[in-house]
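Pasting model-v2.txt here (compact mmCIF, C-alpha atoms and all ligand atoms):
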# COMPACT_ATOMS: atom_id res chain seq x y z
CA MET A 230 -55.24 76.65 137.16
CA THR A 231 -52.09 78.69 136.65
CA TYR A 232 -51.98 81.09 133.71
CA GLN A 233 -49.47 78.95 131.81
CA VAL A 234 -51.52 75.74 132.17
CA GLN A 235 -54.69 77.56 131.15
CA VAL A 236 -53.03 78.96 127.99
CA ARG A 237 -51.54 75.61 127.02
CA ALA A 238 -54.93 73.91 127.44
CA ALA A 239 -56.68 76.53 125.30
CA LEU A 240 -54.17 76.60 122.41
CA PRO A 241 -55.25 73.58 120.29
CA ALA A 242 -58.87 74.81 120.03
CA LEU A 243 -57.73 78.36 119.44
CA ARG A 244 -55.49 77.38 116.53
CA LYS A 245 -58.39 75.53 114.87
CA LYS A 246 -60.69 78.56 114.89
CA ASP A 247 -61.76 79.96 111.49
CA HIS A 248 -60.52 83.41 112.38
CA LEU A 249 -58.04 84.59 114.96
CA ARG A 250 -58.07 88.15 116.20
CA ILE A 251 -55.04 89.47 117.98
CA LEU A 252 -54.77 92.66 120.01
CA ALA A 253 -51.19 93.90 119.64
CA MET A 254 -49.17 96.56 121.40
CA GLU A 255 -45.96 98.27 120.24
CA THR A 256 -43.93 100.61 122.48
CA SER A 257 -40.30 99.94 121.53
CA CYS A 258 -39.34 103.53 120.70
CA ASP A 259 -41.35 106.73 120.28
CA GLU A 260 -44.72 105.45 119.08
CA THR A 261 -47.41 104.09 121.37
CA ALA A 262 -49.34 101.85 119.02
CA ALA A 263 -52.10 99.26 119.30
CA ALA A 264 -54.02 97.30 116.69
CA VAL A 265 -56.41 94.43 116.14
CA VAL A 266 -55.36 92.11 113.31
CA GLU A 267 -57.25 89.13 111.90
CA ASP A 268 -55.39 86.03 110.72
CA GLY A 269 -52.12 87.91 110.33
CA ARG A 270 -53.25 89.68 107.17
CA VAL A 271 -56.31 91.83 107.82
CA ILE A 272 -56.21 95.06 109.82
CA LEU A 273 -59.35 95.63 111.88
CA SER A 274 -57.87 98.71 113.56
CA ASN A 275 -54.46 100.38 113.83
CA GLU A 276 -54.01 103.25 116.27
CA VAL A 277 -50.74 105.13 116.65
CA PHE A 278 -49.91 107.88 119.11
CA SER A 279 -46.71 109.50 117.88
CA GLN A 280 -44.48 111.21 120.44
CA ILE A 281 -42.58 113.14 117.75
CA ASP A 282 -43.65 116.55 119.07
CA MET A 283 -42.38 115.66 122.55
CA HIS A 284 -38.92 114.71 121.29
CA ALA A 285 -38.55 117.28 118.49
CA LEU A 286 -37.54 119.93 121.01
CA PHE A 287 -34.49 117.81 121.92
CA GLY A 288 -33.55 116.81 118.38
CA GLY A 289 -33.96 113.08 119.08
CA VAL A 290 -35.74 110.50 121.24
CA VAL A 291 -35.30 111.12 124.98
CA PRO A 292 -35.71 107.66 126.57
CA GLU A 293 -37.27 108.81 129.85
CA ILE A 294 -39.81 111.02 128.08
CA ALA A 295 -40.64 108.09 125.77
CA SER A 296 -41.23 105.69 128.70
CA ARG A 297 -43.43 108.15 130.56
CA ALA A 298 -45.48 108.94 127.46
CA HIS A 299 -46.03 105.21 126.82
CA VAL A 300 -47.25 104.69 130.39
CA GLU A 301 -49.69 107.54 129.90
CA LYS A 302 -50.95 106.63 126.43
CA VAL A 303 -51.03 102.85 126.49
CA THR A 304 -54.61 102.60 127.85
CA PRO A 305 -56.27 105.23 125.59
CA VAL A 306 -54.49 103.88 122.50
CA LEU A 307 -55.49 100.28 123.29
CA ASP A 308 -59.09 101.35 124.02
CA ALA A 309 -59.22 103.21 120.71
CA ALA A 310 -57.92 100.15 118.85
CA LEU A 311 -60.64 97.94 120.36
CA GLN A 312 -63.31 100.53 119.71
CA LYS A 313 -62.31 101.04 116.04
CA ALA A 314 -62.34 97.27 115.57
CA GLY A 315 -65.82 97.17 117.15
CA MET A 316 -64.66 94.62 119.70
CA ALA A 317 -64.62 94.19 123.45
CA LEU A 318 -61.44 92.96 125.12
CA GLU A 319 -63.15 89.61 125.89
CA GLU A 320 -63.71 89.03 122.17
CA VAL A 321 -60.05 89.04 121.10
CA ASP A 322 -58.39 85.62 120.88
CA ALA A 323 -54.89 86.57 121.96
CA LEU A 324 -52.64 89.44 123.00
CA ALA A 325 -49.26 90.40 121.56
CA VAL A 326 -46.47 92.74 122.52
CA THR A 327 -43.07 93.85 121.20
CA TYR A 328 -40.45 92.70 123.73
CA GLY A 329 -37.30 93.76 121.83
CA PRO A 330 -35.17 95.22 120.44
CA GLY A 331 -35.65 98.84 121.49
CA LEU A 332 -35.33 101.22 124.43
CA VAL A 333 -35.61 99.22 127.63
CA GLY A 334 -37.90 101.64 129.48
CA ALA A 335 -40.13 102.01 126.45
CA LEU A 336 -40.38 98.24 125.92
CA LEU A 337 -41.10 97.66 129.61
CA ALA A 338 -44.12 99.96 129.48
CA GLY A 339 -45.78 97.75 126.84
CA VAL A 340 -44.55 94.41 128.18
CA SER A 341 -45.71 95.08 131.76
CA TYR A 342 -49.05 96.36 130.58
CA MET A 343 -49.78 93.42 128.28
CA LYS A 344 -48.64 90.91 130.92
CA GLY A 345 -51.16 92.45 133.31
CA LEU A 346 -53.85 92.16 130.66
CA ALA A 347 -52.89 88.54 129.96
CA PHE A 348 -53.03 87.71 133.66
CA VAL A 349 -56.52 89.14 134.20
CA THR A 350 -58.04 87.81 130.96
CA GLY A 351 -56.20 84.46 130.87
CA LYS A 352 -55.54 84.99 127.14
CA PRO A 353 -52.31 83.87 125.45
CA LEU A 354 -49.62 86.55 125.22
CA ILE A 355 -47.38 86.38 122.17
CA PRO A 356 -43.92 87.97 122.39
CA VAL A 357 -42.89 89.67 119.13
CA HIS A 358 -39.55 90.80 117.71
CA HIS A 359 -39.84 94.39 116.46
CA ILE A 360 -37.99 93.77 113.20
CA GLU A 361 -40.08 90.67 112.50
CA GLY A 362 -43.05 93.03 112.82
CA HIS A 363 -41.59 95.35 110.17
CA ILE A 364 -41.13 92.40 107.80
CA CYS A 365 -44.71 91.20 108.45
CA ALA A 366 -46.11 94.65 107.52
CA ASN A 367 -45.76 93.24 104.00
CA TYR A 368 -48.31 90.47 104.74
CA LEU A 369 -50.82 93.19 105.64
CA THR A 370 -50.23 95.24 102.48
CA SER A 371 -49.90 92.20 100.20
CA PRO A 372 -51.99 89.38 101.70
CA GLU A 373 -50.89 87.06 98.87
CA LEU A 374 -47.20 87.26 99.88
CA GLU A 375 -45.70 84.06 101.25
CA PRO A 376 -42.11 83.07 102.08
CA PRO A 377 -39.53 82.43 100.78
CA PHE A 378 -38.40 85.93 99.79
CA LEU A 379 -35.46 88.25 100.18
CA CYS A 380 -35.98 91.29 102.42
CA LEU A 381 -34.16 94.59 102.85
CA VAL A 382 -34.83 95.83 106.38
CA VAL A 383 -33.98 99.50 106.83
CA SER A 384 -35.02 101.31 110.00
CA GLY A 385 -33.64 103.77 112.52
CA GLY A 386 -31.62 101.09 114.29
CA HIS A 387 -31.18 98.30 111.70
CA SER A 388 -30.05 97.73 108.14
CA HIS A 389 -30.15 94.09 107.11
CA ILE A 390 -30.41 92.04 103.97
CA LEU A 391 -32.02 88.80 105.02
CA SER A 392 -33.65 85.79 103.54
CA VAL A 393 -37.12 84.97 104.87
CA GLU A 394 -36.96 81.22 104.41
CA ASP A 395 -40.31 80.50 106.06
CA TYR A 396 -42.62 82.16 108.59
CA GLY A 397 -40.33 82.99 111.51
CA VAL A 398 -37.19 81.60 109.85
CA TYR A 399 -34.65 84.25 108.92
CA ARG A 400 -31.13 83.96 107.52
CA LEU A 401 -28.88 87.01 107.70
CA LEU A 402 -26.96 87.77 104.51
CA GLY A 403 -25.60 91.21 105.29
CA CYS A 404 -25.94 94.14 107.65
CA THR A 405 -24.53 97.55 108.37
CA GLN A 406 -21.05 97.73 109.82
CA ASP A 407 -21.75 101.04 111.53
CA ASP A 408 -24.80 103.33 111.33
CA ALA A 409 -28.26 102.18 110.27
CA ALA A 410 -29.67 103.79 107.12
CA GLY A 411 -32.32 105.72 109.08
CA GLU A 412 -29.71 106.94 111.52
CA ALA A 413 -27.57 108.17 108.61
CA PHE A 414 -30.54 110.02 107.10
CA ASP A 415 -31.32 111.61 110.49
CA LYS A 416 -27.72 112.75 111.01
CA ALA A 417 -27.44 114.21 107.50
CA ALA A 418 -30.76 115.99 108.04
CA ARG A 419 -29.45 117.52 111.23
CA VAL A 420 -26.47 118.97 109.33
CA LEU A 421 -29.01 120.59 107.00
CA ASP A 422 -30.86 122.03 110.03
CA LEU A 423 -33.97 119.98 109.34
CA PRO A 424 -36.05 119.26 112.44
CA TYR A 425 -36.33 115.77 113.97
CA PRO A 426 -37.15 113.24 112.62
CA GLY A 427 -34.95 114.24 109.72
CA GLY A 428 -35.28 111.22 107.40
CA PRO A 429 -38.71 112.00 105.95
CA ARG A 430 -37.91 115.73 105.72
CA LEU A 431 -34.64 115.14 103.92
CA ASP A 432 -36.53 112.86 101.54
CA ARG A 433 -39.05 115.60 100.74
CA LEU A 434 -36.38 118.27 100.28
CA ALA A 435 -34.35 115.94 98.04
CA GLU A 436 -37.24 115.71 95.56
CA GLU A 437 -36.41 119.26 94.43
CA GLY A 438 -32.63 118.82 94.24
CA ASP A 439 -29.96 117.59 91.85
CA PRO A 440 -28.60 114.21 93.03
CA ALA A 441 -25.36 114.71 91.07
CA ALA A 442 -24.55 118.09 92.68
CA LEU A 443 -22.22 116.73 95.36
CA PRO A 444 -20.08 113.68 94.54
CA LEU A 445 -19.85 111.37 97.59
CA PRO A 446 -17.59 108.36 98.18
CA HIS A 447 -18.73 104.83 97.55
CA PRO A 448 -17.79 103.08 100.82
CA HIS A 449 -16.16 99.68 100.64
CA THR A 450 -17.30 96.89 102.96
CA ALA A 451 -15.61 93.60 103.84
CA GLY A 452 -18.80 91.55 103.58
CA LYS A 453 -20.30 91.25 100.10
CA TYR A 454 -23.80 92.19 101.25
CA ASP A 455 -22.82 94.55 104.08
CA PHE A 456 -23.41 98.29 104.25
CA SER A 457 -21.41 101.16 105.69
CA PHE A 458 -22.87 104.62 106.09
CA SER A 459 -20.54 106.31 108.53
CA GLY A 460 -17.90 107.25 105.89
CA LEU A 461 -20.63 108.67 103.70
CA LYS A 462 -22.02 110.64 106.61
CA THR A 463 -18.58 112.06 107.53
CA ALA A 464 -17.83 113.00 103.91
CA PHE A 465 -21.20 114.76 103.73
CA LEU A 466 -20.64 116.56 107.03
CA ASN A 467 -17.16 117.71 105.99
CA ALA A 468 -18.39 118.93 102.61
CA VAL A 469 -21.23 120.95 104.17
CA HIS A 470 -18.94 122.43 106.85
CA HIS A 471 -16.33 123.33 104.27
CA GLN A 472 -18.94 125.05 102.12
CA GLN A 473 -20.17 126.99 105.16
CA GLN A 474 -16.62 128.16 105.92
CA VAL A 475 -15.98 129.42 102.41
CA HIS A 476 -19.51 130.88 102.19
CA GLU A 477 -20.31 128.92 99.08
CA GLN A 478 -23.03 126.61 100.20
CA MET A 479 -24.91 124.58 97.63
CA LYS A 480 -28.68 124.62 97.69
CA PRO A 481 -29.92 122.47 100.64
CA ALA A 482 -32.13 120.56 98.18
CA ASP A 483 -29.05 119.61 96.10
CA LEU A 484 -27.19 118.47 99.22
CA ALA A 485 -30.18 116.43 100.38
CA ALA A 486 -30.64 114.87 96.93
CA SER A 487 -26.94 113.94 96.70
CA PHE A 488 -26.90 112.28 100.11
CA ARG A 489 -30.15 110.41 99.50
CA GLN A 490 -28.87 109.18 96.14
CA ALA A 491 -25.65 107.84 97.70
CA VAL A 492 -27.52 105.94 100.44
CA VAL A 493 -30.13 104.55 98.06
CA ASP A 494 -27.45 103.50 95.53
CA MET A 495 -25.68 101.52 98.23
CA LEU A 496 -28.89 99.86 99.44
CA CYS A 497 -29.93 98.98 95.89
CA GLU A 498 -26.53 97.73 94.78
CA LYS A 499 -26.11 95.30 97.70
CA THR A 500 -29.71 94.14 97.53
CA MET A 501 -29.49 93.42 93.78
CA LEU A 502 -26.26 91.51 94.35
CA ALA A 503 -27.95 89.36 97.00
CA LEU A 504 -30.97 88.92 94.73
CA SER A 505 -28.95 87.58 91.83
CA ASP A 506 -26.62 85.44 93.98
CA THR A 507 -29.46 83.77 95.90
CA GLY A 508 -31.79 83.55 92.90
CA ALA A 509 -34.61 84.74 95.17
CA LYS A 510 -37.91 85.06 93.30
CA LYS A 511 -39.37 87.93 95.34
CA LEU A 512 -38.05 90.97 97.17
CA ALA A 513 -39.63 92.92 100.03
CA LEU A 514 -38.73 96.19 101.74
CA ALA A 515 -39.32 96.79 105.45
CA GLY A 516 -38.74 99.38 108.19
CA GLY A 517 -39.12 103.15 108.48
CA VAL A 518 -36.72 103.92 105.60
CA SER A 519 -38.83 101.78 103.22
CA ALA A 520 -41.02 104.93 103.07
CA ASN A 521 -38.19 106.72 101.25
CA SER A 522 -39.54 107.78 97.88
CA LEU A 523 -36.29 107.32 95.93
CA LEU A 524 -35.65 103.89 97.48
CA ARG A 525 -39.15 102.77 96.46
CA ARG A 526 -38.79 104.13 92.90
CA GLN A 527 -35.24 102.92 92.26
CA MET A 528 -35.81 99.47 93.73
CA GLN A 529 -39.05 99.14 91.71
CA ALA A 530 -37.22 100.01 88.48
CA LEU A 531 -34.44 97.48 89.20
CA CYS A 532 -36.95 94.75 90.08
CA ASP A 533 -39.00 95.49 86.96
CA GLU A 534 -35.85 95.10 84.82
CA ARG A 535 -35.24 91.69 86.39
CA GLY A 536 -38.88 90.60 86.38
CA VAL A 537 -38.81 90.15 90.16
CA PRO A 538 -41.94 91.24 92.08
CA LEU A 539 -41.22 93.90 94.71
CA TYR A 540 -43.32 94.10 97.88
CA LYS A 541 -43.44 97.39 99.79
CA PRO A 542 -45.44 98.10 102.93
CA ALA A 543 -48.16 100.74 102.43
CA LEU A 544 -46.75 104.08 103.64
CA PRO A 545 -48.64 104.13 106.99
CA LEU A 546 -47.22 100.65 107.73
CA CYS A 547 -43.55 101.51 107.06
CA GLY A 548 -43.00 103.21 110.43
CA ASP A 549 -43.68 101.66 113.83
CA ASN A 550 -47.26 100.47 114.28
CA GLY A 551 -49.25 97.86 116.16
CA ALA A 552 -50.70 96.08 113.13
CA MET A 553 -47.30 94.72 112.06
CA ILE A 554 -46.89 93.26 115.56
CA GLY A 555 -50.35 91.68 115.34
CA SER A 556 -49.39 90.10 112.02
CA ALA A 557 -46.10 88.66 113.29
CA ALA A 558 -47.91 87.40 116.40
CA TYR A 559 -50.39 85.38 114.36
CA PHE A 560 -47.64 83.30 112.74
CA ARG A 561 -45.94 82.85 116.13
CA LEU A 562 -49.22 81.71 117.69
CA MET A 563 -49.69 79.20 114.86
CA ARG A 564 -46.30 77.76 115.82
CA GLY A 565 -47.40 77.60 119.46
CA GLU A 566 -45.05 80.34 120.64
CA THR A 567 -46.52 82.04 123.68
CA ALA A 568 -44.95 83.93 126.59
CA SER A 569 -44.99 83.12 130.27
CA LEU A 570 -45.75 85.85 132.76
CA SER A 571 -42.04 86.22 133.45
CA LEU A 572 -41.57 87.76 129.97
CA ASN A 573 -39.07 90.62 130.14
CA ALA A 574 -37.97 93.39 127.79
CA ARG A 575 -34.95 92.42 125.65
CA PRO A 576 -33.32 95.64 124.32
CA SER A 577 -30.79 93.77 122.14
CA LEU A 578 -32.95 90.84 121.06
CA SER A 579 -31.67 89.12 117.90
CA LEU A 580 -33.84 87.87 115.05
CA PHE A 581 -31.44 85.11 114.14
CA ARG A 582 -31.09 81.84 115.99
O1 LIG B 601 -38.73 101.62 111.58
P1 LIG B 601 -38.75 102.95 112.21
O2 LIG B 601 -40.04 103.71 112.25
O3 LIG B 601 -38.21 102.88 113.68
C1 LIG B 601 -37.20 101.98 114.04
O4 LIG B 601 -37.51 100.80 114.24
O5 LIG B 601 -36.05 102.46 114.08
O6 LIG B 601 -37.66 103.82 111.44
C2 LIG B 601 -37.42 105.14 111.76
C3 LIG B 601 -36.37 105.67 110.83
C4 LIG B 601 -35.92 107.08 111.22
O7 LIG B 601 -34.51 107.11 111.18
C5 LIG B 601 -36.54 107.93 110.13
O8 LIG B 601 -35.84 109.13 109.88
C6 LIG B 601 -36.49 107.00 108.94
O9 LIG B 601 -36.85 105.76 109.48
N1 LIG B 601 -37.40 107.39 107.87
C7 LIG B 601 -36.99 107.80 106.64
C8 LIG B 601 -38.15 108.12 105.91
N2 LIG B 601 -39.24 107.91 106.72
C9 LIG B 601 -38.74 107.47 107.92
N3 LIG B 601 -35.76 107.89 106.12
C10 LIG B 601 -35.66 108.32 104.85
N4 LIG B 601 -36.72 108.66 104.09
C11 LIG B 601 -37.98 108.56 104.57
N5 LIG B 601 -39.03 108.89 103.82
ZN ZN B 602 -39.25 100.21 113.85

Spit out the file's structure as structure tokens when you get a sec.
Amino acid sequence: MTYQVQVRAALPALRKKDHLRILAMETSCDETAAAVVEDGRVILSNEVFSQIDMHALFGGVVPEIASRAHVEKVTPVLDAALQKAGMALEEVDALAVTYGPGLVGALLAGVSYMKGLAFVTGKPLIPVHHIEGHICANYLTSPELEPPFLCLVVSGGHSHILSVEDYGVYRLLGCTQDDAAGEAFDKAARVLDLPYPGGPRLDRLAEEGDPAALPLPHPHTAGKYDFSFSGLKTAFLNAVHHQQQVHEQMKPADLAASFRQAVVDMLCEKTMLALSDTGAKKLALAGGVSANSLLRRQMQALCDERGVPLYKPALPLCGDNGAMIGSAAYFRLMRGETASLSLNARPSLSLFR
């Protein structure tokens, strides 16, 4: 029997099982991550090998170093995930892997590996969209959450306001016209000489600063729910450079707090607009930047005022991890979405049909 025929024959019985355990792999950027997730909502294990130290020297992710590190770490990380879950490979029901978007060489490391594993075990392989994984991190933190809800996705490469209409059904309302929010945080952090990855460090520094110290522009966007961060970033850069030239630099904490406030104000303003226009009953945050402490506080206060429940991934689930891929994979498997062994990496994969 070919792999594809075998998987198709096994699916109906698999989907009727009381519990489904999925072994998931994530290698789209600079984290080699594997996890075992039960029924899309329960984490049995979640192992992450972060390559941050390898890239910090270069001030950003070096694609070739990332690919090579994934190739090296994929087996030990996957072994650790199985071991922590107390399971043997034969005991998992299905396999899952991020196949896009991301760095092509990094994605290929995970995709090739998991295809090999699918071939030898005969288990279904579920292809997962990285951003869908970030959204599904909310199902792990808040197992009671169900669509429909509005979601603000803010990561290193994406900034979207989208409506999660059902499992796997997404409608884009707005997105960034230039930089992603995480990218903007990283660039501003670099101007402040903070080491890579700058976003979390800028966030920490900003806690001690005055957010009103440096007035920054409020960028205009054509789309009602769109973002633009590049003007903000340039204004910040110019202000810091000017201060350096005249030897009158503000405290780095004040600069960090002012920049963070401007980004968070823009994210909150557009999200609240989309919330009231759509009449959505719930809001969720997703992606690396959802770990930002001001974004979490400010969005919580705004949602409390409106009586709208806010869902935030637990801090360890905001950044890239395997558990979020295992969650997204469960809902895909329930819809019968499995990959063939010709699955390829898709660096620019879209979430929208
Ligand atoms: O989702 P993620 O881990 O990777 C991508 O899919 O891109 O997001 C990484 C981004 C980086 O730009 C990082 O600086 C940013 O999220 N980030 C933060 C914080 N934690 C991570 N930005 C601001 N404040 C944070 N606390
Ligand atoms: Zn990510």

Note to self: When you count only C-alpha atoms, which of these residues is closest to Tyr368 of chain A: A:Leu324, A:Leu434, A:Ile272, A:Ala238?
What the structure shows: A:Ile272

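Across A:Glu566, A:Glu301, A:Asp549, A:Glu375, the tightest approach to ligand ZN 602 (chain B) is made by A:Asp549 when counting only C-alpha atoms and all ligand atoms.
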
Note to self: Could you list, as a ChimeraX atom specification, all residues that come within 12 Å of ligand ZN 602 (chain B)? Count only C-alpha atoms and all ligand atoms.
What the structure shows: /A:255-262,327,329-332,358-366,382-388,409,411-412,515-520,546-551,553-554

Notebook entry, point to check: Within 10 Å of Asp282 of chain A, counting only C-alpha atoms, which residues qualify if same-chain residues fewer than 4 places away don't, as a ChimeraX atom specification?
Noted result: /A:286-287,425-426

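Residues having any atom no farther than 12 Å from (-54.7, 85.0, 134.3) (counting all atoms listed in the file) are Met230, Thr231, Tyr232, Gln233, Val234, Gln235, Val236, Met343, Lys344, Gly345, Leu346, Ala347, Phe348, Val349, Thr350, Gly351, Lys352, Pro353, Leu354, Ser569 and Leu570 of chain A.
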
Next item on the list: List the neighbours of Phe458 of chain A out to 8 Å using all atoms listed in the file; skip same-chain residues closer than 6 positions along the sequence, and give me the result as a list in words.
Entry: Thr405, Asp407, Asp408, Ala409, Ala410, Ala413, Pro448 and Val492 of chain A

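The spacing separating atom CA of Leu466 of chain A from atom CA of Leu423 of chain A amounts to 14.0 Å.
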
Next item on the list: Name all residues at most 9 Å from Gly397 of chain A (count only C-alpha atoms; drop same-chain ones fewer than 3 positions away) and give them as an MDAnalysis selection string.
Entry: chainID A and resid 361 393:394 557 560:561 580

Item checked: Separation of atom CA of Gly403 of chain A from atom CA of Ala435 of chain A in Å -> 27.2 Å

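Atom CA of Asp432 of chain A lies 9.4 Å from atom C6 of ligand LIG 601 (chain B).
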
Item checked: Shell of 12 Å around Phe488 of chain A, all atoms listed in the file, local chain residues under 3 positions omitted, as an MDAnalysis selection string -> chainID A and resid 410 413:418 420:421 428 431:432 434:436 438:447 458 460:466 468:469 481:485 491:495 523

Next item on the list: Do a neighbour search on Pro424 of chain A at 8 Å with all atoms listed in the file, toss out local chain neighbours closer than 5 positions, and write the hits as a PyMOL selection string.
Entry: chain A and resi 285+288+418-419+430

3 Å per side around ligand LIG 601 (chain B): axis-aligned box centre and edge lengths, as JSON:
{"center_x": -37.3, "center_y": 105.0, "center_z": 109.0, "size_x": 11.5, "size_y": 14.3, "size_z": 16.4}

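Of the listed residues A:Ser487, A:Ser579, A:Ser457, A:Ser522, the one whose atoms come nearest to ligand LIG 601 (chain B) is A:Ser522, with distances taken using only C-alpha atoms and all ligand atoms.
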
Nearby residues, (-40.9, 86.9, 102.2) file frame, 8 Å, only C-alpha atoms, as an mmCIF file with C-alpha atoms, in the frame of the given file:
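Generated output (selection07.cif):
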data_model
loop_
_atom_site.group_PDB
_atom_site.id
_atom_site.type_symbol
_atom_site.label_atom_id
_atom_site.label_comp_id
_atom_site.auth_asym_id
_atom_site.auth_seq_id
_atom_site.Cartn_x
_atom_site.Cartn_y
_atom_site.Cartn_z
ATOM 1 C CA ILE A 364 -41.130 92.400 107.800
ATOM 2 C CA LEU A 374 -47.200 87.260 99.880
ATOM 3 C CA GLU A 375 -45.700 84.060 101.250
ATOM 4 C CA PRO A 376 -42.110 83.070 102.080
ATOM 5 C CA PRO A 377 -39.530 82.430 100.780
ATOM 6 C CA PHE A 378 -38.400 85.930 99.790
ATOM 7 C CA LEU A 379 -35.460 88.250 100.180
ATOM 8 C CA CYS A 380 -35.980 91.290 102.420
ATOM 9 C CA SER A 392 -33.650 85.790 103.540
ATOM 10 C CA VAL A 393 -37.120 84.970 104.870
ATOM 11 C CA GLU A 394 -36.960 81.220 104.410
ATOM 12 C CA ASP A 395 -40.310 80.500 106.060
ATOM 13 C CA LYS A 511 -39.370 87.930 95.340
ATOM 14 C CA LEU A 512 -38.050 90.970 97.170
ATOM 15 C CA ALA A 513 -39.630 92.920 100.030
#
